[in-house]
file my_file.txt (compact mmCIF, C-alpha atoms)
# COMPACT_ATOMS: atom_id res chain seq x y z
CA MET A 618 -19.06 -1.86 3.41
CA THR A 619 -21.74 -4.53 3.28
CA LEU A 620 -21.39 -7.91 4.93
CA ARG A 621 -21.11 -9.59 1.53
CA ALA A 622 -18.31 -7.28 0.46
CA ALA A 623 -16.52 -7.81 3.78
CA LEU A 624 -16.67 -11.57 3.34
CA ARG A 625 -15.09 -11.25 -0.11
CA VAL A 626 -12.37 -8.89 1.09
CA THR A 627 -11.40 -10.80 4.25
CA PRO A 628 -9.69 -13.78 2.55
CA ALA A 629 -7.44 -11.45 0.55
CA LEU A 630 -6.50 -9.50 3.66
CA LEU A 631 -5.69 -12.68 5.54
CA LEU A 632 -3.58 -14.09 2.68
CA VAL A 633 -1.68 -10.87 2.12
CA GLY A 634 -1.16 -10.38 5.87
CA LEU A 635 0.05 -13.95 6.30
CA ALA A 636 2.47 -13.56 3.40
CA LEU A 637 3.85 -10.34 4.87
CA VAL A 638 4.40 -11.65 8.40
CA GLY A 639 5.28 -15.18 7.30
CA PRO A 640 9.08 -14.81 7.58
CA TRP A 641 8.73 -13.94 11.28
CA ILE A 642 6.44 -16.84 12.20
CA ALA A 643 8.22 -19.59 10.27
CA PRO A 644 9.00 -22.43 12.73
CA HIS A 645 12.43 -23.20 11.22
CA ALA A 646 15.18 -21.40 9.37
CA VAL A 647 14.44 -21.48 5.65
CA ASP A 648 17.96 -22.59 4.67
CA THR A 649 18.57 -25.25 7.34
CA PRO A 650 17.76 -28.95 6.70
CA VAL A 651 15.49 -30.42 9.38
CA THR A 652 14.45 -33.70 7.72
CA ALA A 653 15.55 -36.10 5.03
CA PRO A 654 15.15 -34.89 1.42
CA TYR A 655 11.50 -35.07 0.34
CA ALA A 656 10.50 -36.48 3.72
CA THR A 657 6.77 -36.90 4.22
CA PRO A 658 4.95 -34.68 6.75
CA ASP A 659 5.54 -35.42 10.43
CA SER A 660 5.65 -33.56 13.72
CA ALA A 661 9.01 -31.97 12.90
CA ALA A 662 7.88 -30.70 9.51
CA LEU A 663 4.13 -30.41 9.06
CA LEU A 664 4.41 -30.25 5.27
CA GLY A 665 7.48 -32.45 4.99
CA GLY A 666 10.86 -31.58 3.51
CA ASP A 667 12.04 -30.26 0.18
CA GLN A 668 14.87 -31.52 -2.04
CA LEU A 669 17.46 -30.58 0.61
CA GLY A 670 15.42 -31.56 3.64
CA ARG A 671 14.41 -28.00 4.49
CA ASP A 672 11.03 -27.43 6.12
CA VAL A 673 8.42 -26.82 3.38
CA LEU A 674 6.08 -24.99 5.77
CA SER A 675 8.79 -22.55 6.83
CA ARG A 676 9.77 -21.84 3.23
CA LEU A 677 6.11 -21.48 2.30
CA LEU A 678 5.54 -18.89 5.03
CA ALA A 679 8.71 -17.00 4.12
CA GLY A 680 8.37 -17.24 0.34
CA GLY A 681 5.32 -15.08 -0.33
CA ARG A 682 6.31 -11.65 0.92
CA ASP A 683 8.43 -10.61 -2.05
CA LEU A 684 5.85 -11.95 -4.49
CA VAL A 685 3.04 -10.02 -2.79
CA LEU A 686 4.99 -6.76 -2.55
CA SER A 687 6.26 -7.02 -6.12
CA SER A 688 2.80 -7.80 -7.50
CA LEU A 689 1.16 -4.99 -5.53
CA LEU A 690 3.78 -2.52 -6.76
CA VAL A 691 3.36 -3.66 -10.37
CA ALA A 692 -0.44 -3.47 -10.16
CA LEU A 693 -0.31 0.03 -8.66
CA LEU A 694 2.18 1.33 -11.23
CA VAL A 695 0.35 -0.21 -14.17
CA THR A 696 -3.09 0.96 -13.02
CA GLY A 697 -1.88 4.47 -12.20
CA THR A 698 0.06 4.88 -15.44
CA ALA A 699 -2.78 3.50 -17.55
CA ALA A 700 -5.33 5.71 -15.78
CA VAL A 701 -3.37 8.89 -16.48
CA LEU A 702 -2.52 7.98 -20.08
CA GLY A 703 -6.07 6.83 -20.81
CA ALA A 704 -7.58 10.01 -19.37
CA ILE A 705 -5.15 12.25 -21.25
CA GLY A 706 -5.85 10.34 -24.45
CA ALA A 707 -9.58 10.80 -23.98
CA VAL A 708 -9.21 14.58 -23.58
CA ARG A 709 -6.57 14.90 -26.30
CA PRO A 710 -7.56 12.53 -29.15
CA LEU A 711 -4.25 12.98 -31.00
CA VAL A 712 -2.33 11.86 -27.91
CA GLY A 713 -4.83 9.05 -27.44
CA ARG A 714 -4.23 7.68 -30.94
CA LEU A 715 -0.47 7.81 -30.39
CA VAL A 716 -0.79 5.98 -27.06
CA GLU A 717 -3.05 3.31 -28.55
CA ARG A 718 -0.76 2.67 -31.53
CA THR A 719 2.22 2.34 -29.17
CA ALA A 720 0.22 -0.04 -26.98
CA ASP A 721 -0.71 -2.13 -30.02
CA VAL A 722 2.97 -2.58 -30.86
CA LEU A 723 3.97 -3.50 -27.31
CA MET A 724 1.10 -5.99 -27.02
CA LEU A 725 2.71 -8.06 -29.77
CA LEU A 726 5.61 -8.91 -27.44
CA PRO A 727 5.06 -12.24 -25.62
CA ALA A 728 5.21 -11.91 -21.84
CA VAL A 729 7.95 -14.45 -21.22
CA LEU A 730 10.09 -13.03 -24.04
CA GLY A 731 9.62 -9.54 -22.65
CA ILE A 732 10.75 -10.64 -19.19
CA LEU A 733 13.84 -12.30 -20.65
CA LEU A 734 14.71 -9.27 -22.79
CA VAL A 735 14.52 -6.84 -19.87
CA THR A 736 16.26 -9.05 -17.32
CA LEU A 737 19.02 -10.19 -19.66
CA SER A 738 19.74 -6.60 -20.70
CA TRP A 739 19.79 -5.68 -16.99
CA PRO A 740 21.65 -8.63 -15.47
CA ASP A 741 22.13 -7.01 -12.05
CA GLY A 742 18.56 -5.78 -11.80
CA GLY A 743 17.22 -8.81 -9.93
CA ARG A 744 13.72 -8.29 -8.58
CA LEU A 745 13.70 -4.67 -9.78
CA ALA A 746 14.26 -5.82 -13.38
CA VAL A 747 11.33 -8.22 -13.09
CA ILE A 748 9.10 -5.43 -11.77
CA ALA A 749 10.16 -3.12 -14.61
CA ALA A 750 9.43 -5.82 -17.19
CA ALA A 751 6.01 -6.54 -15.66
CA VAL A 752 5.09 -2.83 -15.73
CA VAL A 753 6.19 -2.40 -19.35
CA LEU A 754 4.22 -5.49 -20.39
CA GLY A 755 1.13 -4.59 -18.36
CA VAL A 756 0.57 -0.95 -19.31
CA PRO A 757 -0.38 -1.57 -22.99
CA TYR A 758 -3.30 -3.83 -22.04
CA ALA A 759 -4.44 -1.59 -19.22
CA VAL A 760 -4.29 1.66 -21.16
CA ARG A 761 -6.66 0.33 -23.82
CA LEU A 762 -9.24 -0.41 -21.13
CA THR A 763 -8.90 2.92 -19.34
CA ALA A 764 -9.02 4.85 -22.61
CA SER A 765 -12.27 3.13 -23.58
CA ALA A 766 -13.79 3.89 -20.16
CA ALA A 767 -12.55 7.50 -20.09
CA THR A 768 -13.78 8.49 -23.57
CA PRO A 769 -17.52 8.70 -22.69
CA ILE A 770 -16.66 10.68 -19.56
CA ALA A 771 -14.51 13.11 -21.53
CA GLU A 772 -17.44 13.68 -23.89
CA ALA A 773 -19.83 14.44 -21.02
CA GLY A 774 -21.25 17.94 -20.77
CA TYR A 775 -19.60 18.90 -17.48
CA VAL A 776 -16.14 18.00 -18.81
CA GLU A 777 -16.71 19.92 -22.02
CA ALA A 778 -17.96 22.89 -19.98
CA ALA A 779 -14.85 22.78 -17.80
CA ALA A 780 -12.62 22.62 -20.89
CA ALA A 781 -14.51 25.51 -22.49
CA GLY A 782 -14.05 27.48 -19.27
CA GLY A 783 -10.28 27.29 -19.71
CA GLU A 784 -9.46 24.58 -17.16
CA ARG A 785 -6.04 23.02 -17.64
CA LEU A 786 -5.48 19.45 -18.83
CA TRP A 787 -4.36 18.16 -15.45
CA TYR A 788 -7.45 19.62 -13.80
CA LEU A 789 -9.68 17.81 -16.28
CA VAL A 790 -7.81 14.56 -15.76
CA VAL A 791 -7.46 14.64 -11.97
CA ARG A 792 -10.69 16.36 -10.93
CA GLU A 793 -13.19 15.45 -13.63
CA ILE A 794 -12.26 12.11 -15.23
CA LEU A 795 -10.28 9.95 -12.79
CA PRO A 796 -12.81 10.20 -9.91
CA ASN A 797 -15.46 8.82 -12.26
CA LEU A 798 -13.24 5.86 -13.18
CA ARG A 799 -13.05 4.38 -9.68
CA ALA A 800 -15.03 1.25 -10.50
CA THR A 801 -13.02 0.62 -13.66
CA LEU A 802 -9.69 1.25 -11.94
CA LEU A 803 -10.46 -1.05 -9.00
CA ALA A 804 -11.46 -3.84 -11.37
CA LEU A 805 -8.37 -3.14 -13.45
CA PHE A 806 -6.18 -3.24 -10.34
CA GLY A 807 -7.47 -6.71 -9.50
CA LEU A 808 -6.83 -7.96 -13.02
CA ARG A 809 -3.35 -6.44 -13.17
CA PHE A 810 -2.50 -7.91 -9.77
CA VAL A 811 -3.37 -11.38 -11.09
CA ALA A 812 -1.29 -10.73 -14.20
CA ALA A 813 1.59 -9.45 -12.05
CA VAL A 814 1.47 -12.57 -9.89
CA TYR A 815 1.66 -14.65 -13.07
CA LEU A 816 4.59 -12.68 -14.50
CA VAL A 817 6.58 -12.47 -11.27
CA ALA A 818 5.96 -16.15 -10.53
CA THR A 819 6.97 -17.06 -14.08
CA ALA A 820 10.19 -15.10 -13.66
CA GLY A 821 10.86 -16.90 -10.38
CA PHE A 822 10.19 -20.26 -12.00
CA LEU A 823 12.71 -19.36 -14.72
CA GLN A 824 15.16 -18.31 -11.98
CA VAL A 825 15.08 -14.74 -13.23
CA GLY A 826 15.05 -12.60 -10.09
CA PRO A 827 15.22 -14.69 -6.89
CA GLN A 828 18.03 -17.20 -6.86
CA PRO A 829 18.57 -20.33 -4.73
CA PRO A 830 18.62 -20.72 -1.77
CA ALA A 831 16.04 -17.91 -1.47
CA ALA A 832 12.58 -18.90 -0.29
CA ASP A 833 10.19 -18.08 -3.13
CA TRP A 834 6.95 -19.82 -4.04
CA ALA A 835 7.68 -20.08 -7.76
CA LEU A 836 11.25 -21.14 -7.09
CA MET A 837 9.97 -23.83 -4.72
CA ILE A 838 7.83 -25.29 -7.52
CA ARG A 839 10.80 -25.43 -9.88
CA GLU A 840 13.23 -26.86 -7.35
CA ASN A 841 10.93 -29.58 -6.04
CA SER A 842 9.19 -30.67 -9.24
CA SER A 843 11.41 -33.76 -9.46
CA GLY A 844 10.18 -34.93 -6.04
CA LEU A 845 6.48 -34.39 -6.66
CA LEU A 846 5.66 -38.07 -6.12
CA LEU A 847 7.80 -38.29 -2.97
CA ASN A 848 6.42 -35.26 -1.13
CA PRO A 849 3.66 -33.58 -3.17
CA TRP A 850 3.32 -30.76 -0.62
CA SER A 851 6.66 -29.30 -1.66
CA VAL A 852 5.05 -28.40 -5.03
CA VAL A 853 1.32 -28.38 -4.31
CA ALA A 854 1.49 -26.01 -1.31
CA PRO A 855 3.21 -23.08 -3.12
CA SER A 856 1.03 -23.68 -6.20
CA ILE A 857 -2.14 -23.38 -4.10
CA ALA A 858 -0.74 -20.30 -2.35
CA ILE A 859 -0.12 -18.51 -5.66
CA GLY A 860 -3.59 -19.39 -6.95
CA LEU A 861 -5.39 -18.34 -3.77
CA LEU A 862 -3.45 -15.07 -3.60
CA ALA A 863 -4.38 -14.08 -7.15
CA LEU A 864 -8.00 -15.14 -6.74
CA GLY A 865 -8.44 -13.50 -3.33
CA VAL A 866 -7.12 -10.08 -4.35
CA ASN A 867 -9.13 -10.12 -7.57
CA LEU A 868 -12.35 -10.88 -5.67
CA ALA A 869 -11.55 -8.18 -3.10
CA ALA A 870 -11.00 -5.55 -5.80
CA ALA A 871 -14.29 -6.50 -7.44
CA ALA A 872 -16.12 -6.29 -4.11
CA LEU A 873 -14.71 -2.82 -3.37
CA ALA A 874 -15.58 -1.41 -6.80
CA PRO A 875 -18.55 1.01 -6.73
CA GLN A 876 -21.72 -0.48 -8.16
CA THR A 877 -22.62 1.64 -11.18
CA GLY A 878 -25.56 -0.36 -12.44
CA ARG A 879 -29.08 0.89 -12.05
CA LYS A 880 -31.13 -0.43 -9.19
CA ALA A 881 -34.59 -1.81 -9.75
CA VAL A 882 -37.40 0.45 -8.58
CA THR A 883 -40.55 -1.10 -7.21
CA VAL A 884 -43.71 0.57 -8.50
CA LEU A 885 -46.46 0.71 -5.88
call {"tool": "encode", "arguments": {"input": "my_file.txt", "output": "structure tokens"}}
result
Amino acid sequence: MTLRAALRVTPALLLVGLALVGPWIAPHAVDTPVTAPYATPDSAALLGGDQLGRDVLSRLLAGGRDLVLSSLLVALLVTGTAAVLGAIGAVRPLVGRLVERTADVLMLLPAVLGILLVTLSWPDGGRLAVIAAAVVLGVPYAVRLTASAATPIAEAGYVEAAAAGGERLWYLVVREILPNLRATLLALFGLRFVAAVYLVATAGFLQVGPQPPAADWALMIRENSSGLLLNPWSVVAPSIAIGLLALGVNLAAAALAPQTGRKAVTVL
């Protein structure tokens, strides 16, 4: 890994690591008032208090773990599913047309409406229902991209030779096509992680999934929006955290993607 790539990956690692260990390093209990409601920052609460006087910093540190884990799981499931379906569709054009037509239909469903449909039909699903909705909504977009990237590879001579030699479908997909899609899949993972953060955070803002008094970044924004002018940090801090998380992971995925472009050759 080059120094430039390491510099682009480090912020994402720090943010994800901080979100994961945050609940253990929070200075106060997330459900215990320590200040007056919407108190301004002081020595007792470095980012002030929320609508109930709870420490904003403690809730900020504790509120990112579920969002990070849910978004990572969604991005992995969407990328993996889309990679397999796209590769199969490239090798088997009839299957590919069926997958693309199904994706076209699912892409017509608005994201927020899709979340509400899945979570309302699965009222006890909680966070799992949100993850399922995000996967269902993310695969149609991702599979179109992977199918487009896999088609030229499937038409390459070495893949056609392997198919003519009697190799099975799963061999062609796993050994011949997917390894050559690493750059596309890493870029896709970054994009789907950003989309997953958006969907999971939207569900939290709508109180679909985590419920009060849980510490959740999106839920913090919703709960404290009425006190934005009294203690802006109760809304601004989780908003910045969500934005930096999405941006950091996307940049890290782009930095880790293999460079497939041609390098310039100096003629002596």
call {"tool": "atom_distance", "arguments": {"input": "my_file.txt", "atom1": "atom CA of Ala771 of chain A", "atom2": "atom CA of Ala872 of chain A"}}
result
26.1 Å
call {"tool": "residues_around", "arguments": {"input": "my_file.txt", "residues": "Gly681 of chain A", "least_positions_apart": "5", "cutoff": "7 Å", "atoms": "only C-alpha atoms", "output": "ChimeraX atom specification"}}
result
/A:636,833-834
call {"tool": "residues_around", "arguments": {"input": "my_file.txt", "residues": "segment 686-695 of chain A", "least_positions_apart": "6", "cutoff": "7 Å", "atoms": "all atoms listed in the file", "output": "ChimeraX atom specification"}}
result
/A:748,751-752,755-756,806,809-810,813-814
call {"tool": "residues_around", "arguments": {"input": "my_file.txt", "residues": "Gly865 of chain A", "least_positions_apart": "2", "cutoff": "9 Å", "atoms": "only C-alpha atoms", "output": "list in words"}}
result
Arg625, Val626, Thr627, Pro628, Ala629, Leu630, Leu632, Gly860, Leu861, Leu862, Ala863, Asn867, Leu868, Ala869 and Ala870 of chain A
call {"tool": "closest_residue", "arguments": {"input": "my_file.txt", "among": "A:Leu725, A:Met837, A:Ala643, A:Ala699", "to": "Leu795 of chain A", "atoms": "all atoms listed in the file"}}
result
A:Ala699
call {"tool": "atom_distance", "arguments": {"input": "my_file.txt", "atom1": "atom CA of Leu873 of chain A", "atom2": "atom CA of Arg761 of chain A"}}
result
22.2 Å
call {"tool": "residues_around", "arguments": {"input": "my_file.txt", "residues": "segment 786-792 of chain A", "least_positions_apart": "2", "cutoff": "10 Å", "atoms": "all atoms listed in the file", "output": "list of chain:residue names"}}
result
A:Ala700, A:Val701, A:Leu702, A:Gly703, A:Ala704, A:Ile705, A:Gly706, A:Ala707, A:Val708, A:Arg709, A:Ala767, A:Ala771, A:Val776, A:Glu777, A:Ala779, A:Ala780, A:Gly783, A:Glu784, A:Ile794, A:Leu795, A:Pro796, A:Asn797
call {"tool": "atom_distance", "arguments": {"input": "my_file.txt", "atom1": "atom CA of Pro710 of chain A", "atom2": "atom CA of Pro769 of chain A"}}
result
12.5 Å
call {"tool": "closest_residue", "arguments": {"input": "my_file.txt", "among": "A:Gly634, A:Gly731, A:Pro757, A:Gly639", "to": "Thr698 of chain A", "atoms": "all atoms listed in the file"}}
result
A:Pro757
call {"tool": "residues_around", "arguments": {"input": "my_file.txt", "residues": "Pro654 of chain A", "least_positions_apart": "4", "cutoff": "7 Å", "atoms": "all atoms listed in the file", "output": "ChimeraX atom specification"}}
result
/A:666-670
call {"tool": "closest_residue", "arguments": {"input": "my_file.txt", "among": "A:Leu816, A:Leu737, A:Val866, A:Ala871", "to": "Ala800 of chain A", "atoms": "all atoms listed in the file"}}
result
A:Ala871
call {"tool": "residues_near_point", "arguments": {"input": "my_file.txt", "point": "(15.4, -20.0, -10.0)", "cutoff": "7 Å", "atoms": "all atoms listed in the file", "output": "tab-separated table (two decimals) with C-alpha atoms, in the frame of the given file"}}
result
chain	number	residue	atom	x	y	z
A	821	GLY	CA	10.86	-16.90	-10.38
A	822	PHE	CA	10.19	-20.26	-12.00
A	823	LEU	CA	12.71	-19.36	-14.72
A	824	GLN	CA	15.16	-18.31	-11.98
A	825	VAL	CA	15.08	-14.74	-13.23
A	827	PRO	CA	15.22	-14.69	-6.89
A	828	GLN	CA	18.03	-17.20	-6.86
A	829	PRO	CA	18.57	-20.33	-4.73
A	836	LEU	CA	11.25	-21.14	-7.09
call {"tool": "closest_residue", "arguments": {"input": "my_file.txt", "among": "A:Asn841, A:Thr619, A:Thr696, A:Thr736", "to": "Tyr758 of chain A", "atoms": "all atoms listed in the file"}}
result
A:Thr696
call {"tool": "residues_near_point", "arguments": {"input": "my_file.txt", "point": "(3.5, -13.5, -0.4)", "cutoff": "7 Å", "atoms": "all atoms listed in the file", "output": "ChimeraX atom specification"}}
result
/A:633,636-637,680-685
call {"tool": "closest_residue", "arguments": {"input": "my_file.txt", "among": "A:Thr763, A:Arg839, A:Gly774, A:Ala831", "to": "Leu802 of chain A", "atoms": "all atoms listed in the file"}}
result
A:Thr763
call {"tool": "closest_residue", "arguments": {"input": "my_file.txt", "among": "A:Gly826, A:Leu635, A:Pro849, A:Ala661", "to": "Pro740 of chain A", "atoms": "all atoms listed in the file"}}
result
A:Gly826
